[in-house]
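To start, the structure under review is shown below, and the notes come after it.
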Amino acid sequence: MHKYLKIKQLFFFLVLALGWYACTDDTSRKDEQAEEKPVETEVVKEEVFDIDSATGLVIDTGFQMVRANCIACHSANLVTQNRASRDGWKEMIRWMQESQNLWDLGPNEELILDYLAKHYAPKMTGRRARLKDIEWYELKD
Amino acid sequence: MKKENSENKGFNRRKFLAATALSGAGTLMGLNVVFANKLPKGTEPLALGNFAGKVPEGKHPELVILNDRPWNMETPPHLLDDKVTPADLLFVRNNGHPPSKIDEENWTLTIAGESVEKEVTLSLKDLKTKFKHYTYQLTIECGGNGRSEMNPPAKGNQWSTGAVGSPEWTGVRLKDVLEYVGIKSNAVYIGYYGKDVHLSGDSKKTVISRGVPIQKALEEESLIAWAINGQDLPVLHGYPLRLVFGGWPASTSGKWLDKIVVRDKVHDGPKMGGDSYRVPRIPVEPGTVVKEEDMKIIESMPVKSLITYPKSGAVLKQKRTMEVRGHAWAGDLNVNKMEVSIDFGATWQVCELAQPKNRLAWQHWKAEVEFPEEGYYEVWAKATDSEGKAQPMVVPGWNPKGYLNNACHRIAVKVLA
C-alpha cells in the first residue's frame with residue numbers, strides 16, 4: 001500500500017513536471033514565434049498570409065514598419081479591427097500626426113499605406129449583414 | 001485611502017526598458033524604431049501590443065476586448081440581462097490611460113471658466129459633506145455603439161451592441177454644485193477635464209474634454225458621482241470622481257474628474273470638434289466627405305433596445321414557445337412601445353414594457369413568442385420612443401465616424417421538429 005502510494009506520488013510529480021516543462025516550453029516557443037514563426041493563417045485574395053501571434057497583424061511586406069511605428073502608442077487591435085481605403089488610412093495617419101504626436105514616417109509611409117490598403121481594406125457588406133458566428137445551444141428552462 | 005492603479009499593468013514599461021537595454025537604443029524587441037530620433041520629448045514607445053489580451057482585474061472575463069491600449073471593452077448582449085448593470089459588466093471606453101496614482105484623500109474638483117462668478121476648488125470630502133446625495137439609475141451608451149455595421153466602415157473601435165449599460169450612480173447634483181459656486185447668466189455649456197494620461201505619454205496633452213449644454217448640466221439627474229451600485233467607482237470607470245449624464249453619448253460623462261469649466265460658448269476641448277461625436281446636419285450619401293461646418297454635435301441618443309435573453313443561438317427541442325426579454329432606452333425620452341418580430345419584420349408582437357426606475361434609466365420588456373413550425377428564426381426587437389420614433393431595421397444614416405447605429409437587435413433561434 002505504502003509502496004503503491006509512493007509510486008502514485010512519483011507519477012503525479014512526473015506529470016506535474018512534464019506539464020510544467022510543456023508549459024514553459026510552449027511559452028518560450030511562443031516568444032520565438034512572435035519574432036519570426038507565425039502560428040495562424042488567413043486567406044486574403046487567394047494568397048495565404050501568416051498572422052503574427054503577438055500582434056494579430058498579417059505578415060507581409062510592410063508588417064515590420066507597421067509594427068515599429070503604429071504600435072508604439074496604441075494597441076495593434078486598433079489597426080486589425082479597422083477597415084479603410086488607402087486614402088482613409090492616410091487620413092488616419094495625418095490625424096495622428098496632427099493631434100496624437102505621431103512622428104514623420106518619411107519614405108516608410110508609402111510602404112505602410114500599401115500594407116494597410118492591401119490587408120485592411122473595406123469589404124462591401126450591404127445595408128445589414130446576416131447574423132454570423134452563431135454558437136448553437138439547446139435552450140432549456 | 002490610496003488606490004494604486006492595478007489595471008494599468010498592460011503598459012509594460014519595465015519590459016520595454018529591458019528590451020532596449022539588451023538591444024540598444026532605437027530598437028524595440030530587435031526591431032528598429034524608425035525615426036526614433038523624432039520621438040517627441042516625453043514620448044517613449046511602449047511594449048508591443050498584447051494580441052491575446054486578458055480582461056483586466058475587476059471586469060467580467062467574457063467582456064470582448066476591442067482595444068487594450070487604451071482599454072476598450074464591450075459586453076455581449078446576454079450578459080446585460082440584469083435590471084441594473086453590475087460594475088464588472090459595464091463596457092469600458094477609455095481614450096487614454098487612467099491616472100497611474102490616485103490619492104482620494106487629496107482629490108479636488110475645480111469649477112472654473114468664463115461663466116462662473118469665481119473659481120472654486122472643492123475637496124472630494126467637501127463634495128460629500130456640503131451637498132445632498134442622490135442615487136439614480138442612469139443609462140450611458142457610447143456614441144459609437146453599433147459602429148461595426150457601418151458601410152463604408154468608419155474608423156475607431158468597432159463596437160457591436162455592447163457599449164451600453166444602466167448602473168445606479170451615487171453622487172451630488174451638478175446643479176447644486178454650480179449653484180453653490182455661482183454661474184453667470186451668459187453660461188451656455190459646461191466642459192470637463194480629467195486626470196487621464198494621453199496615449200503618447202505627453203503630459204501636456206488633454207486626452208478628451210467634452211461636455212453638455214447648460215440646460216442638460218442643470219437637470220436633476222446630472223450627477224458628479226463617486227459610486228456605482230453603492231461601491232467606489234472602479235479605476236477604469238473614473239475613480240474617484242466622474243460625471244454622469246444619462247441618455248447622452250457616454251463621452252460627455254467625464255472620468256477622473258479634475259475640473260469643470262462653465263463656458264459662455266459651446267465648449268471647445270479635444271473631441272468636441274471635427275468628426276468627433278458629431279454627425280452631418282443633413283443626411284448624406286454613404287462615404288461622403290462632410291465639411292466641419294456641416295457637422296453637428298450629438299446630443300440625446302436615439303431610441304434603442306437589446307434582447308438580453310435568450311442568448312443568440314438558442315435551439316428549441318420539443319417546444320414552440322420561448323420567453324424573450326431585454327431593455328429599451330431612448331436618450332432623454334421615454335420608450336412608449338416595445339415590439340418583437342419572428343418573421344423578419346413582416347408582423348410585430350407588442351411586448352410588456354415596464355416604466356423606468358427613474359428618468360433616464362432603461363426600461364425592461366418581455367414577451368412570450370410562439371413559433372409556428374420548425375426552422376430557422378430570428379427574433380428582432382424594436383422600441384418606439386415617446387415622440388413616435390422607432391428603431392430602423394437596417395443600419396440608419398451613414399456618418400463619417402459611424403455614430404448612432406440604433407438598428408434593431410437580432411438573435412438567431414432554431415426550432416427542431
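The chains in the C-alpha cells are called A, B, ... from first to last as shown; in each chain the residues are counted from 1, and the ligands are counted from 1 in the order shown.
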
Select, as an MDAnalysis selection string, those residues of chain A with any atom no more than 7 Å from chain B (distances computed using only C-alpha atoms).
chainID A and resid 54:56 68:69 71:78 81:84 100:101 103 122 125 127:128 134:139

Any chance you can output those residues with N, CA and C atoms as a tab-separated table (two decimals), in the first residue's frame?
chain	number	residue	atom	x	y	z
A	54	ALA	N	1.89	37.65	-31.88
A	54	ALA	CA	1.97	38.64	-30.79
A	54	ALA	C	1.05	39.82	-31.02
A	55	THR	N	0.84	40.19	-32.28
A	55	THR	CA	0.06	41.41	-32.54
A	55	THR	C	-1.25	41.14	-33.27
A	56	GLY	N	-1.35	40.01	-33.96
A	56	GLY	CA	-2.55	39.73	-34.75
A	56	GLY	C	-2.47	40.34	-36.14
A	68	ALA	N	6.59	48.61	-35.99
A	68	ALA	CA	7.53	49.53	-35.34
A	68	ALA	C	6.93	50.92	-35.14
A	69	ASN	N	6.07	51.36	-36.06
A	69	ASN	CA	5.59	52.74	-35.99
A	69	ASN	C	4.19	52.89	-35.39
A	71	ILE	N	2.40	50.67	-33.46
A	71	ILE	CA	2.05	50.06	-32.18
A	71	ILE	C	2.86	50.66	-31.04
A	72	ALA	N	3.63	51.70	-31.38
A	72	ALA	CA	4.40	52.37	-30.33
A	72	ALA	C	3.45	53.02	-29.31
A	73	CYS	N	2.36	53.59	-29.81
A	73	CYS	CA	1.44	54.30	-28.90
A	73	CYS	C	0.17	53.53	-28.58
A	74	HIS	N	-0.40	52.85	-29.59
A	74	HIS	CA	-1.68	52.19	-29.34
A	74	HIS	C	-1.60	50.70	-29.66
A	75	SER	N	-2.62	49.99	-29.23
A	75	SER	CA	-2.70	48.54	-29.43
A	75	SER	C	-2.84	48.20	-30.91
A	76	ALA	N	-2.32	47.02	-31.29
A	76	ALA	CA	-2.46	46.55	-32.67
A	76	ALA	C	-3.93	46.32	-33.02
A	77	ASN	N	-4.74	46.09	-31.99
A	77	ASN	CA	-6.17	45.86	-32.24
A	77	ASN	C	-6.81	47.04	-32.95
A	78	LEU	N	-6.28	48.23	-32.73
A	78	LEU	CA	-6.86	49.42	-33.35
A	78	LEU	C	-6.61	49.38	-34.86
A	81	GLN	N	-8.86	45.84	-36.25
A	81	GLN	CA	-10.32	45.87	-36.25
A	81	GLN	C	-10.89	46.90	-37.23
A	82	ASN	N	-10.01	47.73	-37.82
A	82	ASN	CA	-10.49	48.77	-38.72
A	82	ASN	C	-10.30	48.39	-40.19
A	83	ARG	N	-11.13	48.97	-41.05
A	83	ARG	CA	-11.03	48.76	-42.49
A	83	ARG	C	-11.13	50.11	-43.18
A	84	ALA	N	-10.22	50.39	-44.10
A	84	ALA	CA	-10.29	51.66	-44.83
A	84	ALA	C	-9.53	51.55	-46.14
A	100	GLN	N	-1.96	63.50	-32.27
A	100	GLN	CA	-1.57	62.44	-31.35
A	100	GLN	C	-0.05	62.24	-31.23
A	101	ASN	N	0.72	63.22	-31.70
A	101	ASN	CA	2.18	63.14	-31.60
A	101	ASN	C	2.82	62.05	-32.46
A	103	TRP	N	5.03	60.69	-35.28
A	103	TRP	CA	6.16	61.31	-35.96
A	103	TRP	C	6.02	61.20	-37.49
A	122	PRO	N	-11.78	47.95	-46.98
A	122	PRO	CA	-13.20	47.71	-46.70
A	122	PRO	C	-13.76	46.56	-47.53
A	125	THR	N	-20.54	45.12	-47.48
A	125	THR	CA	-21.40	44.24	-46.68
A	125	THR	C	-22.88	44.53	-46.88
A	127	ARG	N	-26.48	46.77	-46.54
A	127	ARG	CA	-27.06	47.61	-45.50
A	127	ARG	C	-27.16	46.87	-44.17
A	128	ARG	N	-27.17	45.55	-44.19
A	128	ARG	CA	-27.22	44.78	-42.96
A	128	ARG	C	-26.68	43.38	-43.27
A	134	ILE	N	-22.78	32.32	-34.97
A	134	ILE	CA	-23.81	31.85	-34.02
A	134	ILE	C	-23.32	30.56	-33.36
A	135	GLU	N	-23.33	30.53	-32.05
A	135	GLU	CA	-22.98	29.29	-31.33
A	135	GLU	C	-24.28	28.66	-30.89
A	136	TRP	N	-24.70	27.61	-31.57
A	136	TRP	CA	-25.98	26.97	-31.24
A	136	TRP	C	-25.89	26.21	-29.93
A	137	TYR	N	-26.94	26.30	-29.12
A	137	TYR	CA	-27.00	25.59	-27.84
A	137	TYR	C	-28.45	25.24	-27.57
A	138	GLU	N	-28.71	24.20	-26.80
A	138	GLU	CA	-30.09	23.84	-26.50
A	138	GLU	C	-30.62	24.74	-25.40
A	139	LEU	N	-31.76	25.39	-25.65
A	139	LEU	CA	-32.36	26.25	-24.63
A	139	LEU	C	-33.27	25.42	-23.74

Could you name the residues that touch Leu122 of chain B at 7 Å or less, counting only C-alpha atoms, but leaving out those on the same chain fewer than 6 positions away, as a short mmCIF file (atom, residue, chain, number, x, y, z; two decimals) with N, CA and C atoms, in the first residue's frame?
data_model
loop_
_atom_site.label_atom_id
_atom_site.label_comp_id
_atom_site.auth_asym_id
_atom_site.auth_seq_id
_atom_site.Cartn_x
_atom_site.Cartn_y
_atom_site.Cartn_z
N THR B 108 -9.32 66.85 -5.60
CA THR B 108 -10.14 68.07 -5.60
C THR B 108 -10.87 68.22 -6.93
N LEU B 109 -11.89 69.04 -6.90
CA LEU B 109 -12.62 69.39 -8.12
C LEU B 109 -12.67 70.91 -8.20
N THR B 110 -12.19 71.44 -9.32
CA THR B 110 -12.19 72.89 -9.51
C THR B 110 -13.31 73.26 -10.48
#

Would you mind reading off the distance between atom CA of Met338 of chain B and atom CA of Glu141 of chain B, one decimal, in Å?
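It comes out at 19.2 Å.
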
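Put simply, atom CA of Gln231 of chain B is 10.5 Å away from atom CA of Pro86 of chain B.
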
Would you return as a list in words the members of segment 55-238 of chain B that DSSP assigns to alpha helix (DSSP H) on this structure's backbone?
Leu124, Lys125, Asp126, Leu127, Lys128, Thr129, Lys130, Leu174, Lys175, Asp176, Val177, Leu178, Glu179, Tyr180, Val181, Ile214, Gln215, Lys216 and Ala217 of chain B

As a check of understanding: the span from atom CA of Asp196 of chain B to atom CA of His237 of chain B is 11.1 Å

Can you check which residues of segment 352-400 of chain B DSSP gives as strand (DSSP E) on the backbone and send them as a list in words?
Glu352, Leu353, Gln363, His364, Trp365, Lys366, Ala367, Glu368, Val369, Glu370, Gly375, Tyr376, Tyr377, Glu378, Val379, Trp380, Ala381, Lys382, Ala383, Thr384 and Asp385 of chain B
